[in-house]
Amino acid sequence: MAKILVTGGAGFIGSHTCVELLGHGHDVVILDHLGNSSRVVLDRISEIAGKKPDFVLGDVRDRDLVRDTLAAGIDAVIHFAGWKAVGESVEQPLRYYTNNLDSTLVLCGEMERAGIRRLVFSSSATVYRSPAEVPVGEGAPLWCDSPYGWTKFMNERILSDLAVSEPSWSILLLRYFNPVGAHPSGRIGEDPAGIPNNLVPYITQVAVGRREFLTVNGNDYPTPDGTCIRDYIHVQDLASGHVAAIDYCLKHQGVETVNLGTGTGSSVMEMIQAFEQVNGIRIPFRIGPRRPGDAPMSFADPSRAAAVLGWRARYGIRDMLRDAWHWQQANPTGYQQPDIDRVPSAD
Ligand code: NAD
Ligand code: UD1
């Protein structure tokens, strides 16, 4: 069992991963400035896992803080911390490049200094050139359409160069497809600030009455029902993927790039219908124009994850939509916690 530093561990994917790590007997230290998350999450993680993670409030760009935190016997790091909204990154590129790149540079500099060379990094399927040939394998051409995407691309480059420079590094670059869902307990889940950009949180907010109807972004794509197809993956599957990644990192050296997806694509209309069937709630929708930049179809070739990590996704869209609704129903306005603890650099 190992002691894992989880940057961004109070966020959506981080919180579910911390529960899973604790459940597997690992010790967890969360470093998060709560710039896009709530302190309430920490109690919920402890409640579900029956074990408390250590929590350090602060910014991953704070070198002294990272140095002190790593000195607490850390064996490996999962680096989730970063900003993630595609549209916002177009409006505020410097804020994205600064946070998403400086955090990695400071973290890896201090890891190198401390001789801790095991890292799991949150990348994204957004690094694949769109439209990609499906299923999308890790060797597919890369190109990004937003500053957010380029921060992932650049982070992957930096980390790959680092692994070449010092062979004892063990680095996993995990490219997530579309993470959705929530812990089955309904105690932790996705809590987007403002109007959701992504499909599933929008559907659950319509279901709970916070939004009147869903706008389907185009139904004239070259797909069977005309709406875009994506590879939705349960956040619980992503969490178990990170535990597998940590186990791999503890035993191997070098750098590996791995897709985390299910290998199955679902259209927007299929998601609406599945939500209605599994939860017995009607989702009013209207057909709107296409969203600029949307690819008609994207789903993963997940075979490398099975070969390298021995991991495959277990859940389907009905599980994801049931758990997303359970979370939203139990927490209609999310965590509802003012960000009293935010540190100034969180902006
Ligand atoms: P999230 O915003 O819920 O979690 C990120 C956490 O990092 C937040 O708690 C935030 O407060 C924290 N944070 C940000 N910058 C920080 C800093 N400098 N110092 C300390 N804490 C900081 O996001 P998420 O959905 O859990 O995503 C986690 C990671 O996975 C991100 O890197 C994201 O880009 C990547 N990813 C997410 C998705 C997705 O759809 N959710 C898809 C692909 C990749
Ligand atoms: C988005 C991000 C992508 C990120 C991914 C991970 C954009 C342009 N891309 O992509 O970088 O890696 O999330 O989660 O933001 N839809 C509607 N109505 C809505 C919301 C969405 O019809 O109200 C449609 C979209 O047009 C798309 C599908 O639902 O066809 C899925 O959308 P979304 O959940 O935003 O995921 P991605 O498009 O894959």
# chains A, B, ... in the order shown; residues from 1 in each chain; ligands from 1
>>> residues_near_ligand(ligand="ligand 1", cutoff="6 Å", atoms="only C-alpha atoms and all ligand atoms", output="list of chain:residue names")
A:Gly8, A:Ala10, A:Gly11, A:Phe12, A:Ile13, A:Gly14, A:Asp32, A:His33, A:Leu34, A:Gly35, A:Asn36, A:Ser37, A:Gly58, A:Asp59, A:Val60, A:Arg61, A:Phe80, A:Ala81, A:Gly82, A:Trp83, A:Lys84, A:Asn99, A:Ser103, A:Ser122, A:Ser123, A:Ser124, A:Tyr176, A:Asn178, A:Pro179
>>> write_last_selection(atoms="C-alpha atoms", output="PDB file, in the first residue's frame")
ATOM      1  CA  GLY A   8      -7.212  18.521  -7.341  1.00  0.00           C
ATOM      2  CA  ALA A  10     -11.588  17.723  -4.051  1.00  0.00           C
ATOM      3  CA  GLY A  11     -12.850  17.981  -7.657  1.00  0.00           C
ATOM      4  CA  PHE A  12     -15.256  15.765  -9.571  1.00  0.00           C
ATOM      5  CA  ILE A  13     -12.945  12.968 -10.739  1.00  0.00           C
ATOM      6  CA  GLY A  14     -10.468  13.465  -7.886  1.00  0.00           C
ATOM      7  CA  ASP A  32      -6.462  21.544  -3.608  1.00  0.00           C
ATOM      8  CA  HIS A  33      -7.144  25.279  -3.430  1.00  0.00           C
ATOM      9  CA  LEU A  34     -10.921  24.673  -3.735  1.00  0.00           C
ATOM     10  CA  GLY A  35     -11.063  27.089  -6.672  1.00  0.00           C
ATOM     11  CA  ASN A  36     -13.561  24.773  -8.380  1.00  0.00           C
ATOM     12  CA  SER A  37     -14.682  22.579  -5.501  1.00  0.00           C
ATOM     13  CA  GLY A  58      -3.278  25.496  -1.263  1.00  0.00           C
ATOM     14  CA  ASP A  59      -2.085  25.942  -4.793  1.00  0.00           C
ATOM     15  CA  VAL A  60       0.039  23.383  -6.658  1.00  0.00           C
ATOM     16  CA  ARG A  61       2.011  26.344  -7.998  1.00  0.00           C
ATOM     17  CA  PHE A  80      -5.816  16.274 -11.471  1.00  0.00           C
ATOM     18  CA  ALA A  81      -5.469  19.968 -10.575  1.00  0.00           C
ATOM     19  CA  GLY A  82      -6.171  22.394 -13.391  1.00  0.00           C
ATOM     20  CA  TRP A  83      -8.887  24.443 -15.056  1.00  0.00           C
ATOM     21  CA  LYS A  84     -11.051  22.467 -17.486  1.00  0.00           C
ATOM     22  CA  ASN A  99      -2.438  27.289 -14.134  1.00  0.00           C
ATOM     23  CA  SER A 103       1.221  23.502 -11.739  1.00  0.00           C
ATOM     24  CA  SER A 122      -5.123  13.674 -16.263  1.00  0.00           C
ATOM     25  CA  SER A 123      -5.133  14.203 -20.005  1.00  0.00           C
ATOM     26  CA  SER A 124      -8.128  14.229 -22.301  1.00  0.00           C
ATOM     27  CA  TYR A 176     -10.289  10.439 -20.539  1.00  0.00           C
ATOM     28  CA  ASN A 178     -16.512  11.751 -21.406  1.00  0.00           C
ATOM     29  CA  PRO A 179     -16.620  11.325 -17.621  1.00  0.00           C
TER      30      PRO A 179
END
>>> residues_near_ligand(ligand="ligand 2", cutoff="7 Å", atoms="only C-alpha atoms and all ligand atoms", output="PyMOL selection string")
chain A and resi 86-87+124-126+149+177-179+197-200+202+214-218+227-230+268+290-291+293-294
>>> write_last_selection(atoms="N, CA, C and O atoms", output="CSV table (one decimal), in the first residue's frame")
chain,number,residue,atom,x,y,z
A,86,VAL,N,-13.6,24.4,-21.7
A,86,VAL,CA,-13.1,24.6,-23.0
A,86,VAL,C,-13.4,26.1,-23.4
A,86,VAL,O,-12.5,26.8,-23.8
A,87,GLY,N,-14.6,26.5,-23.3
A,87,GLY,CA,-15.0,27.9,-23.8
A,87,GLY,C,-14.3,28.9,-23.0
A,87,GLY,O,-13.8,29.9,-23.6
A,124,SER,N,-6.8,14.2,-21.8
A,124,SER,CA,-8.1,14.2,-22.3
A,124,SER,C,-8.1,13.8,-23.8
A,124,SER,O,-7.2,14.0,-24.5
A,125,ALA,N,-9.3,13.2,-24.2
A,125,ALA,CA,-9.4,12.8,-25.6
A,125,ALA,C,-9.5,14.1,-26.4
A,125,ALA,O,-9.5,13.9,-27.7
A,126,THR,N,-9.6,15.2,-25.8
A,126,THR,CA,-9.6,16.5,-26.6
A,126,THR,C,-8.3,16.7,-27.4
A,126,THR,O,-8.2,17.5,-28.3
A,149,GLY,N,-7.2,22.4,-24.6
A,149,GLY,CA,-6.7,21.2,-25.2
A,149,GLY,C,-5.2,21.3,-25.3
A,149,GLY,O,-4.5,20.3,-25.0
A,177,PHE,N,-12.2,10.0,-21.9
A,177,PHE,CA,-13.2,10.4,-22.9
A,177,PHE,C,-14.3,11.2,-22.2
A,177,PHE,O,-13.9,12.3,-21.7
A,178,ASN,N,-15.5,10.8,-22.0
A,178,ASN,CA,-16.5,11.8,-21.4
A,178,ASN,C,-17.0,11.3,-20.0
A,178,ASN,O,-17.9,10.5,-19.9
A,179,PRO,N,-16.3,11.8,-19.0
A,179,PRO,CA,-16.6,11.3,-17.6
A,179,PRO,C,-18.0,11.9,-17.2
A,179,PRO,O,-18.2,13.1,-17.3
A,197,ASN,N,-22.0,23.2,-19.4
A,197,ASN,CA,-21.6,23.1,-20.8
A,197,ASN,C,-21.8,21.7,-21.3
A,197,ASN,O,-22.0,21.5,-22.5
A,198,ASN,N,-21.7,20.7,-20.4
A,198,ASN,CA,-21.7,19.3,-20.9
A,198,ASN,C,-23.1,18.7,-20.8
A,198,ASN,O,-24.0,19.2,-20.0
A,199,LEU,N,-23.3,17.7,-21.5
A,199,LEU,CA,-24.7,17.1,-21.7
A,199,LEU,C,-25.3,16.6,-20.5
A,199,LEU,O,-26.4,16.9,-20.1
A,200,VAL,N,-24.6,15.7,-19.8
A,200,VAL,CA,-25.3,15.0,-18.7
A,200,VAL,C,-25.6,15.9,-17.5
A,200,VAL,O,-26.8,15.9,-17.0
A,202,TYR,N,-26.4,18.9,-17.8
A,202,TYR,CA,-27.5,19.7,-18.3
A,202,TYR,C,-28.8,18.9,-18.1
A,202,TYR,O,-29.9,19.4,-17.7
A,214,LEU,N,-33.8,21.0,-22.5
A,214,LEU,CA,-32.4,20.8,-23.0
A,214,LEU,C,-32.4,21.2,-24.5
A,214,LEU,O,-33.4,20.9,-25.2
A,215,THR,N,-31.4,21.9,-24.9
A,215,THR,CA,-31.2,22.1,-26.4
A,215,THR,C,-30.3,21.1,-26.9
A,215,THR,O,-29.2,20.9,-26.4
A,216,VAL,N,-30.8,20.3,-27.9
A,216,VAL,CA,-30.0,19.3,-28.6
A,216,VAL,C,-29.2,20.1,-29.7
A,216,VAL,O,-29.8,20.7,-30.6
A,217,ASN,N,-27.9,20.0,-29.6
A,217,ASN,CA,-27.0,20.8,-30.5
A,217,ASN,C,-26.9,20.2,-31.9
A,217,ASN,O,-25.9,19.7,-32.2
A,218,GLY,N,-28.0,20.2,-32.6
A,218,GLY,CA,-27.9,19.7,-34.0
A,218,GLY,C,-28.4,18.3,-34.1
A,218,GLY,O,-28.0,17.5,-33.3
A,227,THR,N,-27.7,12.9,-34.3
A,227,THR,CA,-27.1,13.6,-33.2
A,227,THR,C,-25.7,13.0,-32.9
A,227,THR,O,-25.4,11.9,-33.2
A,228,CYS,N,-24.8,13.8,-32.2
A,228,CYS,CA,-23.4,13.4,-32.0
A,228,CYS,C,-23.3,12.2,-31.1
A,228,CYS,O,-24.0,12.1,-30.1
A,229,ILE,N,-22.3,11.5,-31.4
A,229,ILE,CA,-22.0,10.3,-30.6
A,229,ILE,C,-20.7,10.4,-29.8
A,229,ILE,O,-19.7,10.9,-30.3
A,230,ARG,N,-20.8,10.1,-28.5
A,230,ARG,CA,-19.6,10.2,-27.6
A,230,ARG,C,-19.5,8.9,-26.8
A,230,ARG,O,-20.4,8.2,-26.6
A,268,VAL,N,-26.7,11.7,-28.5
A,268,VAL,CA,-27.4,12.6,-27.6
A,268,VAL,C,-28.8,12.1,-27.4
A,268,VAL,O,-29.3,12.0,-26.3
A,290,ARG,N,-26.1,23.4,-34.6
A,290,ARG,CA,-24.9,22.7,-34.2
A,290,ARG,C,-24.1,23.5,-33.3
A,290,ARG,O,-24.1,24.8,-33.4
A,291,ARG,N,-23.3,22.9,-32.4
A,291,ARG,CA,-22.3,23.7,-31.6
A,291,ARG,C,-21.0,23.7,-32.3
A,291,ARG,O,-20.5,22.6,-32.7
A,293,GLY,N,-17.5,23.3,-33.7
A,293,GLY,CA,-16.3,22.5,-33.3
A,293,GLY,C,-16.7,21.1,-32.9
A,293,GLY,O,-15.8,20.2,-32.6
A,294,ASP,N,-18.0,20.7,-32.8
A,294,ASP,CA,-18.4,19.4,-32.4
A,294,ASP,C,-18.1,18.4,-33.5
A,294,ASP,O,-18.5,18.5,-34.6
>>> residues_around(residues="Leu260 (chain A)", least_positions_apart="2", cutoff="12 Å", atoms="only C-alpha atoms", output="NGL selection string")
:A and (122-125 or 136-138 or 172-179 or 231-242 or 244-245 or 257-258 or 262-264 or 299-306 or 308-314)
>>> closest_residue(among="A:Asp191, A:Asp323, A:Glu276, A:Asp220", to="Val41 (chain A)", atoms="only C-alpha atoms")
A:Asp191
>>> atom_distance(atom1="CA of Gly265 (chain A)", atom2="CA of Pro222 (chain A)")
14.0 Å
>>> closest_residue(among="A:Pro93, A:Pro53, A:Pro167, A:Gly189", to="Cys18 (chain A)", atoms="only C-alpha atoms")
A:Pro53
>>> select_by_dssp(residues="region 47-235 of chain A", states="helix (DSSP H, G or I)", output="PyMOL selection string")
chain A and resi 47-49+63-70+86-91+93-114+125-127+147-165+199-207+235
>>> atom_distance(atom1="CA of Met297 (chain A)", atom2="CA of Glu133 (chain A)")
8.6 Å
>>> residues_around(residues="Lys51 (chain A)", least_positions_apart="2", cutoff="10 Å", atoms="only C-alpha atoms", output="PDB file with N, CA and C atoms, in the first residue's frame")
ATOM      1  N   VAL A  19     -11.858   8.181  -2.928  1.00  0.00           N
ATOM      2  CA  VAL A  19     -12.658   7.139  -2.258  1.00  0.00           C
ATOM      3  C   VAL A  19     -12.137   5.754  -2.654  1.00  0.00           C
ATOM      4  N   LEU A  22      -8.643   5.015  -1.115  1.00  0.00           N
ATOM      5  CA  LEU A  22      -8.774   4.693   0.313  1.00  0.00           C
ATOM      6  C   LEU A  22      -9.357   3.293   0.475  1.00  0.00           C
ATOM      7  N   GLY A  23     -10.330   2.958  -0.381  1.00  0.00           N
ATOM      8  CA  GLY A  23     -10.956   1.627  -0.344  1.00  0.00           C
ATOM      9  C   GLY A  23      -9.965   0.513  -0.655  1.00  0.00           C
ATOM     10  N   GLY A  25      -6.918   0.604   0.348  1.00  0.00           N
ATOM     11  CA  GLY A  25      -5.927   0.577   1.424  1.00  0.00           C
ATOM     12  C   GLY A  25      -4.809   1.589   1.291  1.00  0.00           C
ATOM     13  N   ASP A  27      -3.051   5.328   1.500  1.00  0.00           N
ATOM     14  CA  ASP A  27      -3.235   6.586   2.230  1.00  0.00           C
ATOM     15  C   ASP A  27      -3.295   7.704   1.199  1.00  0.00           C
ATOM     16  N   VAL A  28      -4.097   8.729   1.501  1.00  0.00           N
ATOM     17  CA  VAL A  28      -4.326   9.792   0.520  1.00  0.00           C
ATOM     18  C   VAL A  28      -4.078  11.156   1.149  1.00  0.00           C
ATOM     19  N   ASP A  43     -15.521  15.845   3.825  1.00  0.00           N
ATOM     20  CA  ASP A  43     -16.293  15.050   4.785  1.00  0.00           C
ATOM     21  C   ASP A  43     -17.017  13.907   4.087  1.00  0.00           C
ATOM     22  N   ILE A  45     -16.087  12.343   1.363  1.00  0.00           N
ATOM     23  CA  ILE A  45     -15.107  11.288   1.024  1.00  0.00           C
ATOM     24  C   ILE A  45     -14.879  10.407   2.255  1.00  0.00           C
ATOM     25  N   SER A  46     -14.656  11.049   3.402  1.00  0.00           N
ATOM     26  CA  SER A  46     -14.395  10.293   4.641  1.00  0.00           C
ATOM     27  C   SER A  46     -15.586   9.416   4.995  1.00  0.00           C
ATOM     28  N   GLU A  47     -16.785   9.995   4.828  1.00  0.00           N
ATOM     29  CA  GLU A  47     -18.019   9.268   5.164  1.00  0.00           C
ATOM     30  C   GLU A  47     -18.163   8.000   4.302  1.00  0.00           C
ATOM     31  N   ILE A  48     -17.912   8.132   3.012  1.00  0.00           N
ATOM     32  CA  ILE A  48     -18.095   6.966   2.127  1.00  0.00           C
ATOM     33  C   ILE A  48     -16.981   5.943   2.348  1.00  0.00           C
ATOM     34  N   ALA A  49     -15.746   6.452   2.467  1.00  0.00           N
ATOM     35  CA  ALA A  49     -14.595   5.542   2.528  1.00  0.00           C
ATOM     36  C   ALA A  49     -14.397   4.976   3.935  1.00  0.00           C
ATOM     37  N   PRO A  53      -9.018  11.276   4.339  1.00  0.00           N
ATOM     38  CA  PRO A  53      -7.776  11.673   3.655  1.00  0.00           C
ATOM     39  C   PRO A  53      -7.170  12.884   4.361  1.00  0.00           C
ATOM     40  N   ASP A  54      -5.851  13.042   4.283  1.00  0.00           N
ATOM     41  CA  ASP A  54      -5.247  14.301   4.764  1.00  0.00           C
ATOM     42  C   ASP A  54      -5.590  15.376   3.742  1.00  0.00           C
TER      43      ASP A  54
END
>>> residues_around(residues="Phe213 (chain A)", least_positions_apart="6", cutoff="6 Å", atoms="only C-alpha atoms", output="ChimeraX atom specification")
/A:206,284-285
>>> residues_around(residues="Lys251 (chain A)", least_positions_apart="5", cutoff="12 Å", atoms="only C-alpha atoms", output="PyMOL selection string")
chain A and resi 2+75-76+117-118+168-171+244-246+308-309
>>> write_last_selection(atoms="all heavy atoms", output="short mmCIF file (atom, residue, chain, number, x, y, z; two decimals), in the first residue's frame")
data_model
loop_
_atom_site.label_atom_id
_atom_site.label_comp_id
_atom_site.auth_asym_id
_atom_site.auth_seq_id
_atom_site.Cartn_x
_atom_site.Cartn_y
_atom_site.Cartn_z
N ALA A 2 0.37 2.29 -0.61
CA ALA A 2 1.23 3.46 -0.81
C ALA A 2 0.54 4.72 -0.31
O ALA A 2 -0.66 4.72 -0.03
CB ALA A 2 1.55 3.59 -2.30
N ASP A 75 4.59 8.43 -1.98
CA ASP A 75 5.17 7.44 -2.90
C ASP A 75 4.86 7.77 -4.36
O ASP A 75 5.63 7.41 -5.25
CB ASP A 75 4.59 6.05 -2.60
CG ASP A 75 4.94 5.57 -1.21
OD1 ASP A 75 6.15 5.46 -0.93
OD2 ASP A 75 4.02 5.35 -0.40
N ALA A 76 3.70 8.34 -4.62
CA ALA A 76 3.28 8.60 -6.01
C ALA A 76 2.26 9.74 -6.01
O ALA A 76 1.66 10.04 -4.97
CB ALA A 76 2.66 7.35 -6.62
N ARG A 117 9.29 9.74 -8.30
CA ARG A 117 9.19 9.79 -9.77
C ARG A 117 8.05 8.93 -10.32
O ARG A 117 8.20 8.28 -11.34
CB ARG A 117 10.53 9.40 -10.41
CG ARG A 117 11.66 10.35 -10.04
CD ARG A 117 12.86 10.21 -10.97
NE ARG A 117 13.93 11.10 -10.57
CZ ARG A 117 14.93 10.77 -9.76
NH1 ARG A 117 14.98 9.56 -9.26
NH2 ARG A 117 15.87 11.67 -9.45
N ARG A 118 6.93 8.92 -9.61
CA ARG A 118 5.77 8.15 -10.09
C ARG A 118 4.58 9.10 -10.20
O ARG A 118 4.13 9.65 -9.19
CB ARG A 118 5.44 7.02 -9.14
CG ARG A 118 6.57 6.03 -9.00
CD ARG A 118 6.19 4.95 -8.02
NE ARG A 118 7.28 4.00 -7.85
CZ ARG A 118 7.96 3.86 -6.72
NH1 ARG A 118 7.68 4.61 -5.67
NH2 ARG A 118 8.92 2.96 -6.64
N SER A 168 14.21 6.57 -14.56
CA SER A 168 13.51 6.00 -13.41
C SER A 168 12.13 6.64 -13.19
O SER A 168 11.39 6.23 -12.30
CB SER A 168 14.36 6.11 -12.14
OG SER A 168 14.54 7.45 -11.79
N TRP A 169 11.77 7.63 -14.01
CA TRP A 169 10.40 8.16 -13.92
C TRP A 169 9.40 7.10 -14.41
O TRP A 169 9.68 6.37 -15.37
CB TRP A 169 10.22 9.41 -14.80
CG TRP A 169 10.57 10.69 -14.09
CD1 TRP A 169 11.79 11.30 -14.10
CD2 TRP A 169 9.70 11.51 -13.30
NE1 TRP A 169 11.74 12.46 -13.36
CE2 TRP A 169 10.46 12.61 -12.85
CE3 TRP A 169 8.36 11.42 -12.93
CZ2 TRP A 169 9.94 13.61 -12.05
CZ3 TRP A 169 7.83 12.42 -12.12
CH2 TRP A 169 8.62 13.50 -11.69
N SER A 170 8.26 7.07 -13.75
CA SER A 170 7.16 6.24 -14.21
C SER A 170 5.96 7.16 -14.36
O SER A 170 5.46 7.70 -13.37
CB SER A 170 6.87 5.15 -13.17
OG SER A 170 5.75 4.41 -13.60
N ILE A 171 5.52 7.36 -15.60
CA ILE A 171 4.48 8.35 -15.87
C ILE A 171 3.37 7.74 -16.71
O ILE A 171 3.63 7.10 -17.74
CB ILE A 171 5.08 9.58 -16.62
CG1 ILE A 171 6.14 10.25 -15.73
CG2 ILE A 171 3.97 10.57 -17.00
CD1 ILE A 171 6.84 11.44 -16.35
N ALA A 244 -5.72 1.36 -10.83
CA ALA A 244 -4.92 0.45 -11.68
C ALA A 244 -3.67 1.17 -12.17
O ALA A 244 -2.58 0.58 -12.25
CB ALA A 244 -5.76 -0.03 -12.86
N ALA A 245 -3.81 2.46 -12.49
CA ALA A 245 -2.66 3.24 -12.99
C ALA A 245 -1.60 3.39 -11.90
O ALA A 245 -0.40 3.29 -12.16
CB ALA A 245 -3.14 4.60 -13.48
N ILE A 246 -2.06 3.64 -10.67
CA ILE A 246 -1.10 3.76 -9.56
C ILE A 246 -0.39 2.43 -9.34
O ILE A 246 0.85 2.38 -9.20
CB ILE A 246 -1.84 4.22 -8.27
CG1 ILE A 246 -2.10 5.73 -8.33
CG2 ILE A 246 -1.06 3.86 -7.01
CD1 ILE A 246 -0.83 6.60 -8.27
N VAL A 308 -2.30 -2.82 -20.86
CA VAL A 308 -1.26 -2.24 -19.99
C VAL A 308 -1.68 -2.28 -18.52
O VAL A 308 -0.90 -2.65 -17.64
CB VAL A 308 -0.96 -0.78 -20.42
CG1 VAL A 308 -0.02 -0.09 -19.44
CG2 VAL A 308 -0.39 -0.74 -21.83
N LEU A 309 -2.93 -1.88 -18.25
CA LEU A 309 -3.35 -1.71 -16.86
C LEU A 309 -4.20 -2.88 -16.36
O LEU A 309 -4.52 -2.95 -15.17
CB LEU A 309 -4.19 -0.43 -16.70
CG LEU A 309 -3.55 0.88 -17.16
CD1 LEU A 309 -4.53 2.04 -16.98
CD2 LEU A 309 -2.26 1.14 -16.37
#
>>> atom_distance(atom1="CA of Ser266 (chain A)", atom2="CA of Asn279 (chain A)")
17.6 Å
>>> residues_around(residues="Val77 (chain A)", least_positions_apart="2", cutoff="8 Å", atoms="only C-alpha atoms", output="PDB file with all heavy atoms, in the first residue's frame")
ATOM      1  N   ILE A   4      -0.459   8.360  -1.453  1.00  0.00           N
ATOM      2  CA  ILE A   4      -0.628   9.029  -2.739  1.00  0.00           C
ATOM      3  C   ILE A   4      -1.011  10.492  -2.530  1.00  0.00           C
ATOM      4  O   ILE A   4      -1.983  10.790  -1.817  1.00  0.00           O
ATOM      5  CB  ILE A   4      -1.766   8.364  -3.568  1.00  0.00           C
ATOM      6  CG1 ILE A   4      -1.684   6.820  -3.541  1.00  0.00           C
ATOM      7  CG2 ILE A   4      -1.754   8.891  -5.003  1.00  0.00           C
ATOM      8  CD1 ILE A   4      -0.469   6.233  -4.179  1.00  0.00           C
ATOM      9  N   LEU A   5      -0.272  11.385  -3.160  1.00  0.00           N
ATOM     10  CA  LEU A   5      -0.674  12.803  -3.206  1.00  0.00           C
ATOM     11  C   LEU A   5      -1.619  12.975  -4.389  1.00  0.00           C
ATOM     12  O   LEU A   5      -1.279  12.612  -5.525  1.00  0.00           O
ATOM     13  CB  LEU A   5       0.555  13.694  -3.379  1.00  0.00           C
ATOM     14  CG  LEU A   5       0.260  15.181  -3.632  1.00  0.00           C
ATOM     15  CD1 LEU A   5      -0.496  15.829  -2.467  1.00  0.00           C
ATOM     16  CD2 LEU A   5       1.564  15.951  -3.899  1.00  0.00           C
ATOM     17  N   VAL A   6      -2.804  13.520  -4.109  1.00  0.00           N
ATOM     18  CA  VAL A   6      -3.795  13.731  -5.166  1.00  0.00           C
ATOM     19  C   VAL A   6      -4.034  15.233  -5.303  1.00  0.00           C
ATOM     20  O   VAL A   6      -4.708  15.843  -4.478  1.00  0.00           O
ATOM     21  CB  VAL A   6      -5.119  12.999  -4.847  1.00  0.00           C
ATOM     22  CG1 VAL A   6      -6.108  13.158  -6.007  1.00  0.00           C
ATOM     23  CG2 VAL A   6      -4.874  11.515  -4.572  1.00  0.00           C
ATOM     24  N   THR A   7      -3.445  15.840  -6.342  1.00  0.00           N
ATOM     25  CA  THR A   7      -3.709  17.269  -6.554  1.00  0.00           C
ATOM     26  C   THR A   7      -5.087  17.403  -7.201  1.00  0.00           C
ATOM     27  O   THR A   7      -5.463  16.571  -8.038  1.00  0.00           O
ATOM     28  CB  THR A   7      -2.649  17.933  -7.466  1.00  0.00           C
ATOM     29  OG1 THR A   7      -2.909  17.535  -8.832  1.00  0.00           O
ATOM     30  CG2 THR A   7      -1.227  17.547  -7.072  1.00  0.00           C
ATOM     31  N   ILE A  74       5.394  10.723   0.625  1.00  0.00           N
ATOM     32  CA  ILE A  74       4.583  10.432  -0.566  1.00  0.00           C
ATOM     33  C   ILE A  74       5.323   9.439  -1.482  1.00  0.00           C
ATOM     34  O   ILE A  74       6.511   9.598  -1.752  1.00  0.00           O
ATOM     35  CB  ILE A  74       4.300  11.746  -1.342  1.00  0.00           C
ATOM     36  CG1 ILE A  74       3.508  12.740  -0.489  1.00  0.00           C
ATOM     37  CG2 ILE A  74       3.601  11.461  -2.679  1.00  0.00           C
ATOM     38  CD1 ILE A  74       2.115  12.300  -0.092  1.00  0.00           C
ATOM     39  N   ASP A  75       4.589   8.430  -1.978  1.00  0.00           N
ATOM     40  CA  ASP A  75       5.169   7.444  -2.899  1.00  0.00           C
ATOM     41  C   ASP A  75       4.863   7.766  -4.355  1.00  0.00           C
ATOM     42  O   ASP A  75       5.632   7.413  -5.253  1.00  0.00           O
ATOM     43  CB  ASP A  75       4.589   6.050  -2.605  1.00  0.00           C
ATOM     44  CG  ASP A  75       4.940   5.575  -1.209  1.00  0.00           C
ATOM     45  OD1 ASP A  75       6.148   5.456  -0.926  1.00  0.00           O
ATOM     46  OD2 ASP A  75       4.017   5.351  -0.402  1.00  0.00           O
ATOM     47  N   HIS A  79      -2.099  13.796 -10.624  1.00  0.00           N
ATOM     48  CA  HIS A  79      -2.199  15.253 -10.841  1.00  0.00           C
ATOM     49  C   HIS A  79      -3.471  15.584 -11.626  1.00  0.00           C
ATOM     50  O   HIS A  79      -3.480  15.599 -12.861  1.00  0.00           O
ATOM     51  CB  HIS A  79      -0.949  15.712 -11.583  1.00  0.00           C
ATOM     52  CG  HIS A  79      -0.868  17.194 -11.817  1.00  0.00           C
ATOM     53  ND1 HIS A  79      -1.426  18.123 -10.973  1.00  0.00           N
ATOM     54  CD2 HIS A  79      -0.267  17.907 -12.823  1.00  0.00           C
ATOM     55  CE1 HIS A  79      -1.195  19.342 -11.445  1.00  0.00           C
ATOM     56  NE2 HIS A  79      -0.496  19.235 -12.574  1.00  0.00           N
ATOM     57  N   ARG A 118       6.935   8.924  -9.611  1.00  0.00           N
ATOM     58  CA  ARG A 118       5.768   8.154 -10.093  1.00  0.00           C
ATOM     59  C   ARG A 118       4.584   9.097 -10.201  1.00  0.00           C
ATOM     60  O   ARG A 118       4.129   9.646  -9.192  1.00  0.00           O
ATOM     61  CB  ARG A 118       5.441   7.021  -9.138  1.00  0.00           C
ATOM     62  CG  ARG A 118       6.572   6.031  -9.003  1.00  0.00           C
ATOM     63  CD  ARG A 118       6.189   4.946  -8.023  1.00  0.00           C
ATOM     64  NE  ARG A 118       7.275   4.002  -7.846  1.00  0.00           N
ATOM     65  CZ  ARG A 118       7.960   3.861  -6.725  1.00  0.00           C
ATOM     66  NH1 ARG A 118       7.682   4.615  -5.665  1.00  0.00           N
ATOM     67  NH2 ARG A 118       8.919   2.962  -6.635  1.00  0.00           N
ATOM     68  N   LEU A 119       4.085   9.245 -11.421  1.00  0.00           N
ATOM     69  CA  LEU A 119       3.059  10.269 -11.659  1.00  0.00           C
ATOM     70  C   LEU A 119       1.979   9.765 -12.613  1.00  0.00           C
ATOM     71  O   LEU A 119       2.267   9.198 -13.661  1.00  0.00           O
ATOM     72  CB  LEU A 119       3.723  11.511 -12.277  1.00  0.00           C
ATOM     73  CG  LEU A 119       2.787  12.660 -12.652  1.00  0.00           C
ATOM     74  CD1 LEU A 119       2.227  13.345 -11.403  1.00  0.00           C
ATOM     75  CD2 LEU A 119       3.521  13.693 -13.501  1.00  0.00           C
ATOM     76  N   VAL A 120       0.738  10.018 -12.237  1.00  0.00           N
ATOM     77  CA  VAL A 120      -0.404   9.754 -13.120  1.00  0.00           C
ATOM     78  C   VAL A 120      -0.995  11.107 -13.490  1.00  0.00           C
ATOM     79  O   VAL A 120      -1.323  11.903 -12.598  1.00  0.00           O
ATOM     80  CB  VAL A 120      -1.468   8.872 -12.418  1.00  0.00           C
ATOM     81  CG1 VAL A 120      -2.686   8.680 -13.320  1.00  0.00           C
ATOM     82  CG2 VAL A 120      -0.872   7.527 -12.016  1.00  0.00           C
TER      83      VAL A 120
END
